[in-house]
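Colleague: Enclosed is the structure file my_file.pdb (PDB, C-alpha atoms).
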```
ATOM      1  CA  MET A   1      27.360  43.561 -34.253
ATOM      2  CA  LYS A   2      25.750  45.835 -36.848
ATOM      3  CA  MET A   3      26.017  49.603 -36.777
ATOM      4  CA  THR A   4      22.306  50.398 -36.931
ATOM      5  CA  GLY A   5      20.256  53.432 -36.080
ATOM      6  CA  GLU A   6      19.698  51.887 -32.660
ATOM      7  CA  ASN A   7      23.432  51.915 -32.040
ATOM      8  CA  SER A   8      23.766  55.564 -32.942
ATOM      9  CA  ALA A   9      20.846  56.315 -30.661
ATOM     10  CA  GLY A  10      22.719  54.669 -27.847
ATOM     11  CA  ASN A  11      20.267  51.779 -27.335
ATOM     12  CA  LEU A  12      22.985  49.219 -27.995
ATOM     13  CA  GLU A  13      26.300  49.595 -26.238
ATOM     14  CA  ILE A  14      29.447  49.129 -28.301
ATOM     15  CA  THR A  15      32.255  47.218 -26.588
ATOM     16  CA  MET A  16      35.920  46.658 -27.390
ATOM     17  CA  ASP A  17      34.994  43.046 -28.193
ATOM     18  CA  ASP A  18      32.712  44.375 -30.940
ATOM     19  CA  VAL A  19      35.645  46.291 -32.391
ATOM     20  CA  LYS A  20      37.871  43.208 -32.225
ATOM     21  CA  ASN A  21      35.208  41.181 -34.041
ATOM     22  CA  LEU A  22      35.023  43.839 -36.741
ATOM     23  CA  MET A  23      38.817  43.816 -37.057
ATOM     24  CA  LYS A  24      38.697  40.029 -37.448
ATOM     25  CA  LYS A  25      36.048  40.425 -40.165
ATOM     26  CA  LYS A  26      38.257  43.031 -41.875
ATOM     27  CA  ASP A  27      41.244  40.665 -41.826
ATOM     28  CA  GLU A  28      39.137  37.847 -43.280
ATOM     29  CA  ILE A  29      37.944  40.100 -46.131
ATOM     30  CA  GLU A  30      41.535  41.154 -46.864
ATOM     31  CA  GLU A  31      42.592  37.494 -46.993
ATOM     32  CA  GLN A  32      39.787  36.733 -49.456
ATOM     33  CA  ILE A  33      40.752  39.698 -51.641
ATOM     34  CA  LYS A  34      44.370  38.537 -51.650
ATOM     35  CA  ALA A  35      43.296  35.020 -52.651
ATOM     36  CA  TYR A  36      41.363  36.343 -55.658
ATOM     37  CA  TYR A  37      44.272  38.582 -56.657
ATOM     38  CA  ASP A  38      46.468  35.463 -56.541
ATOM     39  CA  VAL A  39      44.061  33.792 -58.974
ATOM     40  CA  LEU A  40      44.392  36.708 -61.396
ATOM     41  CA  GLU A  41      48.164  36.688 -61.015
ATOM     42  CA  ASP A  42      48.292  32.960 -61.753
ATOM     43  CA  GLN A  43      46.282  33.582 -64.927
ATOM     44  CA  GLY A  44      48.616  36.442 -65.849
ATOM     45  CA  VAL A  45      45.857  38.955 -66.596
ATOM     46  CA  GLY A  46      45.469  41.118 -63.506
ATOM     47  CA  VAL A  47      42.351  43.182 -62.839
ATOM     48  CA  GLU A  48      42.138  44.887 -66.244
ATOM     49  CA  GLY A  49      43.863  42.530 -68.681
ATOM     50  CA  SER A  50      41.868  41.793 -71.841
ATOM     51  CA  LEU A  51      39.964  38.502 -72.017
ATOM     52  CA  VAL A  52      39.546  38.532 -75.803
ATOM     53  CA  ASP A  53      42.031  37.912 -78.576
ATOM     54  CA  PRO A  54      42.819  40.371 -81.413
ATOM     55  CA  GLU A  55      39.851  38.957 -83.383
ATOM     56  CA  GLY A  56      37.485  39.639 -80.494
ATOM     57  CA  PHE A  57      36.993  36.015 -79.426
ATOM     58  CA  PRO A  58      37.406  34.779 -75.819
ATOM     59  CA  ARG A  59      41.038  33.924 -75.159
ATOM     60  CA  GLY A  60      41.787  30.230 -75.125
ATOM     61  CA  ASP A  61      44.943  30.477 -73.040
ATOM     62  CA  VAL A  62      43.186  31.550 -69.825
ATOM     63  CA  ASN A  63      40.162  30.516 -67.772
ATOM     64  CA  VAL A  64      37.814  33.371 -68.678
ATOM     65  CA  TYR A  65      35.042  32.273 -66.285
ATOM     66  CA  GLN A  66      37.445  31.985 -63.349
ATOM     67  CA  ILE A  67      38.933  35.402 -64.078
ATOM     68  CA  ARG A  68      35.542  37.100 -64.365
ATOM     69  CA  THR A  69      34.420  35.484 -61.108
ATOM     70  CA  ALA A  70      37.596  36.635 -59.337
ATOM     71  CA  ARG A  71      37.273  40.208 -60.643
ATOM     72  CA  HIS A  72      33.607  40.422 -59.609
ATOM     73  CA  SER A  73      34.399  38.973 -56.174
ATOM     74  CA  ILE A  74      37.230  41.474 -55.637
ATOM     75  CA  SER A  75      34.899  44.362 -56.491
ATOM     76  CA  CYS A  76      32.248  43.140 -54.038
ATOM     77  CA  LEU A  77      34.782  42.419 -51.291
ATOM     78  CA  GLN A  78      36.363  45.853 -51.659
ATOM     79  CA  ASN A  79      32.941  47.393 -51.016
ATOM     80  CA  ASP A  80      32.531  45.121 -47.987
ATOM     81  CA  HIS A  81      35.965  46.230 -46.779
ATOM     82  CA  LYS A  82      35.012  49.898 -47.020
ATOM     83  CA  ASP A  83      31.818  49.204 -45.078
ATOM     84  CA  VAL A  84      33.566  47.344 -42.260
ATOM     85  CA  MET A  85      36.263  50.039 -42.003
ATOM     86  CA  LYS A  86      33.481  52.596 -41.590
ATOM     87  CA  GLU A  87      31.844  50.421 -38.919
ATOM     88  CA  ILE A  88      35.150  50.146 -37.060
ATOM     89  CA  GLU A  89      35.660  53.901 -37.112
ATOM     90  CA  GLU A  90      32.102  54.581 -35.930
ATOM     91  CA  ALA A  91      32.419  51.995 -33.144
ATOM     92  CA  LEU A  92      35.695  53.522 -31.943
ATOM     93  CA  HIS A  93      34.157  57.000 -31.964
ATOM     94  CA  GLN A  94      31.320  55.716 -29.789
ATOM     95  CA  LEU A  95      33.789  54.107 -27.392
ATOM     96  CA  HIS A  96      35.743  57.350 -27.151
ATOM     97  CA  ALA A  97      32.601  59.394 -26.563
ATOM     98  CA  ARG A  98      31.455  57.051 -23.808
ATOM     99  CA  GLU A  99      34.838  57.194 -22.086
ATOM    100  CA  LYS A 100      34.772  60.997 -22.175
ATOM    101  CA  ALA A 101      31.267  61.003 -20.709
ATOM    102  CA  LYS A 102      32.396  58.579 -18.039
ATOM    103  CA  GLN A 103      35.345  60.813 -17.213
ATOM    104  CA  GLY A 104      33.020  63.766 -16.852
ATOM    105  CA  GLY A 105      30.665  61.792 -14.613
ATOM    106  CA  ASP A 106      33.489  60.633 -12.389
ATOM    107  CA  ALA A 107      34.800  64.171 -12.038
ATOM    108  CA  ALA A 108      31.348  65.508 -11.153
ATOM    109  CA  GLY A 109      30.870  62.846  -8.512
ATOM    110  CA  GLY A 110      34.330  63.298  -7.087
ATOM    111  CA  GLN A 111      35.097  59.657  -7.752
ATOM    112  CA  GLU A 112      38.293  58.200  -9.144
ATOM    113  CA  GLU A 113      38.118  54.964 -11.082
ATOM    114  CA  PRO A 114      40.798  53.219 -13.148
ATOM    115  CA  MET A 115      40.607  54.324 -16.767
ATOM    116  CA  GLU A 116      42.285  51.262 -18.271
ATOM    117  CA  GLN A 117      40.121  51.415 -21.376
ATOM    118  CA  GLN A 118      41.056  55.086 -21.813
ATOM    119  CA  VAL A 119      44.738  54.217 -21.642
ATOM    120  CA  THR A 120      44.236  51.398 -24.127
ATOM    121  CA  LEU A 121      42.539  53.677 -26.608
ATOM    122  CA  HIS A 122      44.924  56.610 -26.312
ATOM    123  CA  ALA A 123      48.405  55.154 -25.688
ATOM    124  CA  PRO A 124      50.824  55.721 -28.607
ATOM    125  CA  PHE A 125      51.533  52.691 -30.767
ATOM    126  CA  ALA A 126      53.745  54.196 -33.483
ATOM    127  CA  ARG A 127      56.154  57.082 -34.086
ATOM    128  CA  VAL A 128      56.827  59.298 -37.088
ATOM    129  CA  ASP A 129      60.569  59.117 -37.820
ATOM    130  CA  ALA A 130      60.669  60.889 -41.212
ATOM    131  CA  VAL A 131      58.564  63.452 -43.076
ATOM    132  CA  THR A 132      59.335  64.526 -46.650
ATOM    133  CA  GLN A 133      58.991  68.196 -47.563
ATOM    134  CA  GLY A 134      56.008  68.915 -49.807
ATOM    135  CA  SER A 135      54.336  65.583 -49.028
ATOM    136  CA  PRO A 136      50.735  65.106 -47.851
ATOM    137  CA  ALA A 137      52.065  64.317 -44.357
ATOM    138  CA  CYS A 138      54.146  67.512 -44.323
ATOM    139  CA  LYS A 139      51.220  69.643 -45.488
ATOM    140  CA  ALA A 140      48.987  68.063 -42.841
ATOM    141  CA  GLY A 141      51.429  69.144 -40.144
ATOM    142  CA  LEU A 142      52.908  65.818 -39.053
ATOM    143  CA  ARG A 143      56.378  66.157 -37.527
ATOM    144  CA  VAL A 144      59.273  63.846 -36.861
ATOM    145  CA  GLY A 145      58.956  62.517 -33.327
ATOM    146  CA  ASP A 146      55.144  62.628 -33.244
ATOM    147  CA  GLU A 147      53.834  59.595 -31.352
ATOM    148  CA  VAL A 148      50.672  58.275 -32.986
ATOM    149  CA  THR A 149      47.698  57.424 -30.755
ATOM    150  CA  GLU A 150      45.083  57.196 -33.514
ATOM    151  CA  PHE A 151      45.386  56.808 -37.276
ATOM    152  CA  GLY A 152      41.912  56.787 -38.777
ATOM    153  CA  SER A 153      40.275  53.703 -37.285
ATOM    154  CA  VAL A 154      43.565  52.297 -35.934
ATOM    155  CA  ASN A 155      44.563  52.732 -32.282
ATOM    156  CA  THR A 156      46.463  50.829 -29.600
ATOM    157  CA  GLY A 157      43.438  48.655 -28.904
ATOM    158  CA  ASN A 158      43.412  47.147 -32.408
ATOM    159  CA  PHE A 159      46.919  47.880 -33.767
ATOM    160  CA  GLN A 160      48.821  44.717 -34.688
ATOM    161  CA  ASN A 161      51.398  45.850 -37.219
ATOM    162  CA  LEU A 162      52.074  48.566 -39.798
ATOM    163  CA  GLN A 163      49.896  46.709 -42.317
ATOM    164  CA  ASN A 164      46.898  47.999 -40.337
ATOM    165  CA  ILE A 165      47.894  51.578 -41.173
ATOM    166  CA  ALA A 166      48.772  50.665 -44.760
ATOM    167  CA  SER A 167      45.307  49.160 -45.220
ATOM    168  CA  VAL A 168      43.584  52.292 -43.918
ATOM    169  CA  VAL A 169      45.727  54.484 -46.189
ATOM    170  CA  GLN A 170      45.083  52.293 -49.236
ATOM    171  CA  HIS A 171      41.301  52.505 -48.811
ATOM    172  CA  SER A 172      41.249  56.219 -47.924
ATOM    173  CA  GLU A 173      42.955  57.785 -50.929
ATOM    174  CA  GLY A 174      41.560  61.288 -51.367
ATOM    175  CA  LYS A 175      39.680  61.119 -48.064
ATOM    176  CA  PRO A 176      40.808  62.975 -44.909
ATOM    177  CA  LEU A 177      41.903  60.806 -41.984
ATOM    178  CA  ARG A 178      42.014  61.972 -38.385
ATOM    179  CA  VAL A 179      45.478  61.402 -36.941
ATOM    180  CA  ALA A 180      45.972  62.012 -33.215
ATOM    181  CA  VAL A 181      49.515  62.295 -31.839
ATOM    182  CA  ILE A 182      51.450  63.154 -28.717
ATOM    183  CA  ARG A 183      53.906  65.976 -29.442
ATOM    184  CA  ASP A 184      56.227  67.364 -26.780
ATOM    185  CA  GLY A 185      54.024  65.838 -24.106
ATOM    186  CA  GLN A 186      50.870  67.457 -25.504
ATOM    187  CA  ARG A 187      48.078  65.866 -27.516
ATOM    188  CA  ALA A 188      47.616  67.185 -31.053
ATOM    189  CA  GLN A 189      45.420  66.265 -33.994
ATOM    190  CA  VAL A 190      45.852  66.675 -37.753
ATOM    191  CA  SER A 191      43.754  65.895 -40.807
ATOM    192  CA  LEU A 192      45.815  63.828 -43.245
ATOM    193  CA  THR A 193      44.546  63.035 -46.753
ATOM    194  CA  PRO A 194      46.402  60.172 -48.480
ATOM    195  CA  GLN A 195      46.960  61.150 -52.117
ATOM    196  CA  ARG A 196      49.308  60.930 -55.064
ATOM    197  CA  TRP A 197      52.140  63.457 -55.084
ATOM    198  CA  THR A 198      55.573  63.786 -56.677
ATOM    199  CA  GLY A 199      57.191  61.386 -54.204
ATOM    200  CA  ARG A 200      56.637  57.758 -53.248
ATOM    201  CA  GLY A 201      53.513  56.429 -51.600
ATOM    202  CA  LEU A 202      50.409  58.335 -50.548
ATOM    203  CA  LEU A 203      51.740  59.951 -47.339
ATOM    204  CA  GLY A 204      55.391  60.951 -47.696
ATOM    205  CA  CYS A 205      56.354  59.961 -44.182
ATOM    206  CA  ASN A 206      57.822  56.950 -42.420
ATOM    207  CA  ILE A 207      56.082  55.458 -39.409
ATOM    208  CA  VAL A 208      57.636  52.872 -37.103
ATOM    209  CA  PRO A 209      55.896  50.851 -34.386
ATOM    210  CA  ILE A 210      56.484  51.574 -30.700
ATOM    211  CA  HIS A 211      57.199  48.331 -28.884
ATOM    212  CA  GLN A 212      55.462  48.425 -25.544
TER     213      GLN A 212
END
```
Would you put the structure from the file into structure tokens?

Modeller:
Amino acid sequence: MKMTGENSAGNLEITMDDVKNLMKKKDEIEEQIKAYYDVLEDQGVGVEGSLVDPEGFPRGDVNVYQIRTARHSISCLQNDHKDVMKEIEEALHQLHAREKAKQGGDAAGGQEEPMEQQVTLHAPFARVDAVTQGSPACKAGLRVGDEVTEFGSVNTGNFQNLQNIASVVQHSEGKPLRVAVIRDGQRAQVSLTPQRWTGRGLLGCNIVPIHQ
């Protein structure tokens, strides 16, 4: 599935299977990135280590071609990862919009149909169990006890483990993420921007999974 202008116009209908396929693609890209990082680690140079000796000649103790290939591949794959994360978020937004429209249509017609997809998309999958004062999470308004139903492109329908959230955070530094929660039985939404601060990490909160 490709997020084209036709999709946004509503000519092609996005399904949960499309989202799952995109998530699979995302996981495959992350595995490839990790493999190339492993290559750089084996060579002992990392992403920015110099490939020339003090005299300016190519180093003889490392495989310069392999390192350059790995670095270029990582750069390309990171762009692909950003693109697929955007596709996932757009697809989920379309699913949500369609479910809301369906709800409205059912109400207008006086009909009641099971909203299993709605439950899947909006059930909480994680809980905030700590928020540090002065952190990005604190400033955004997250509170201890908030039950997370959406974190950027992550929701119950595609959540597998906390690495899903970590991946979104890692690739969204400096960019606002929509976080939807259930607080005291009511739905609430905050805009959380992962960023560097005086404490650890990019959020300053601890999130634990909710085991269904």

Colleague: Please list as an mmCIF file with C-alpha atoms, in the frame of the given file every residue within 12 Å of Glu28 of chain A, counting all atoms listed in the file and excluding residues in the same chain fewer than 6 positions away.

Modeller:
```
data_model
loop_
_atom_site.group_PDB
_atom_site.id
_atom_site.type_symbol
_atom_site.label_atom_id
_atom_site.label_comp_id
_atom_site.auth_asym_id
_atom_site.auth_seq_id
_atom_site.Cartn_x
_atom_site.Cartn_y
_atom_site.Cartn_z
ATOM 1 C CA ASN A 21 35.208 41.181 -34.041
ATOM 2 C CA LEU A 22 35.023 43.839 -36.741
ATOM 3 C CA LYS A 34 44.370 38.537 -51.650
ATOM 4 C CA ALA A 35 43.296 35.020 -52.651
ATOM 5 C CA LEU A 77 34.782 42.419 -51.291
ATOM 6 C CA GLN A 78 36.363 45.853 -51.659
ATOM 7 C CA ASP A 80 32.531 45.121 -47.987
ATOM 8 C CA HIS A 81 35.965 46.230 -46.779
ATOM 9 C CA VAL A 84 33.566 47.344 -42.260
#
```

Colleague: Of the candidates A:Ser135, A:Gln195, A:Pro124, A:His93, which shows the shortest atom-to-atom distance to Arg183 of chain A, using all atoms listed in the file?

Modeller: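 Smallest distance to Arg183 of chain A is found for A:Pro124.
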
Colleague: Apply the PyMOL selection byres ((chain A and resi 211) around 9) to the structure shown and report the selected residues as a PyMOL selection string.

Modeller: chain A and resi 125-126+209-210+212

Colleague: Evaluating the PyMOL selection byres ((chain A and resi 139) around 12) on the displayed file yields which residues, as a count of residues only?

Modeller: 22

Colleague: Please evaluate the PyMOL selection byres ((chain A and resi 164) around 12) against the structure above and give the resulting residues as an NGL selection string.

Modeller: :A and (23-24 or 26-27 or 30 or 85 or 125-126 or 150-163 or 165-171 or 207 or 209)

Colleague: Hey, which of A:Leu95, A:Val181, A:Pro54, A:Tyr36 ends up closest to Arg127 of chain A? Count only C-alpha atoms.

Modeller: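 The answer is A:Val181, which sits nearest to Arg127 of chain A.
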
Colleague: Could you work out how far atom CA of Ser172 of chain A lies from atom CA of Val148 of chain A, giving the answer in Å with one decimal?

Modeller: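 Atom CA of Ser172 of chain A lies 17.8 Å from atom CA of Val148 of chain A.
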
Colleague: When you draw a straight line from atom CA of Val45 of chain A to atom CA of Ala70 of chain A, how long is it in Å?

Modeller: 11.2 Å

Colleague: Report, in Å with one decimal, the straight-line distance from atom CA of Glu87 of chain A to atom CA of Arg68 of chain A.

Modeller: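 A separation of 29.0 Å between them.
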
Colleague: I need the residue nearest Gln32 of chain A from this list: A:Arg200, A:His96, A:Arg71, A:Lys175. Use all atoms listed in the file for the distance.

Modeller: A:Arg71

Colleague: Which residue is closest to Val62 of chain A? Choose from A:Val47, A:Asp83, A:Leu40, A:Arg187 and count all atoms listed in the file.

Modeller: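 Using all atoms listed in the file, the shortest distance to Val62 of chain A belongs to A:Leu40.
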
Colleague: Would you be able to write out as a PyMOL selection string which residues have an atom within 12 Å of (45.7, 29.6, -72.3) in the file's coordinates, counting only C-alpha atoms?

Modeller: chain A and resi 42-45+51-53+58-64

Colleague: Now that the selection is made, can you save its residues with C-alpha atoms as a PDB file, in the coordinates of the input?

Modeller:
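Listed below is the output, again32.pdb:
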```pdb
ATOM      1  CA  ASP A  42      48.292  32.960 -61.753  1.00  0.00           C
ATOM      2  CA  GLN A  43      46.282  33.582 -64.927  1.00  0.00           C
ATOM      3  CA  GLY A  44      48.616  36.442 -65.849  1.00  0.00           C
ATOM      4  CA  VAL A  45      45.857  38.955 -66.596  1.00  0.00           C
ATOM      5  CA  LEU A  51      39.964  38.502 -72.017  1.00  0.00           C
ATOM      6  CA  VAL A  52      39.546  38.532 -75.803  1.00  0.00           C
ATOM      7  CA  ASP A  53      42.031  37.912 -78.576  1.00  0.00           C
ATOM      8  CA  PRO A  58      37.406  34.779 -75.819  1.00  0.00           C
ATOM      9  CA  ARG A  59      41.038  33.924 -75.159  1.00  0.00           C
ATOM     10  CA  GLY A  60      41.787  30.230 -75.125  1.00  0.00           C
ATOM     11  CA  ASP A  61      44.943  30.477 -73.040  1.00  0.00           C
ATOM     12  CA  VAL A  62      43.186  31.550 -69.825  1.00  0.00           C
ATOM     13  CA  ASN A  63      40.162  30.516 -67.772  1.00  0.00           C
ATOM     14  CA  VAL A  64      37.814  33.371 -68.678  1.00  0.00           C
TER      15      VAL A  64
END
```
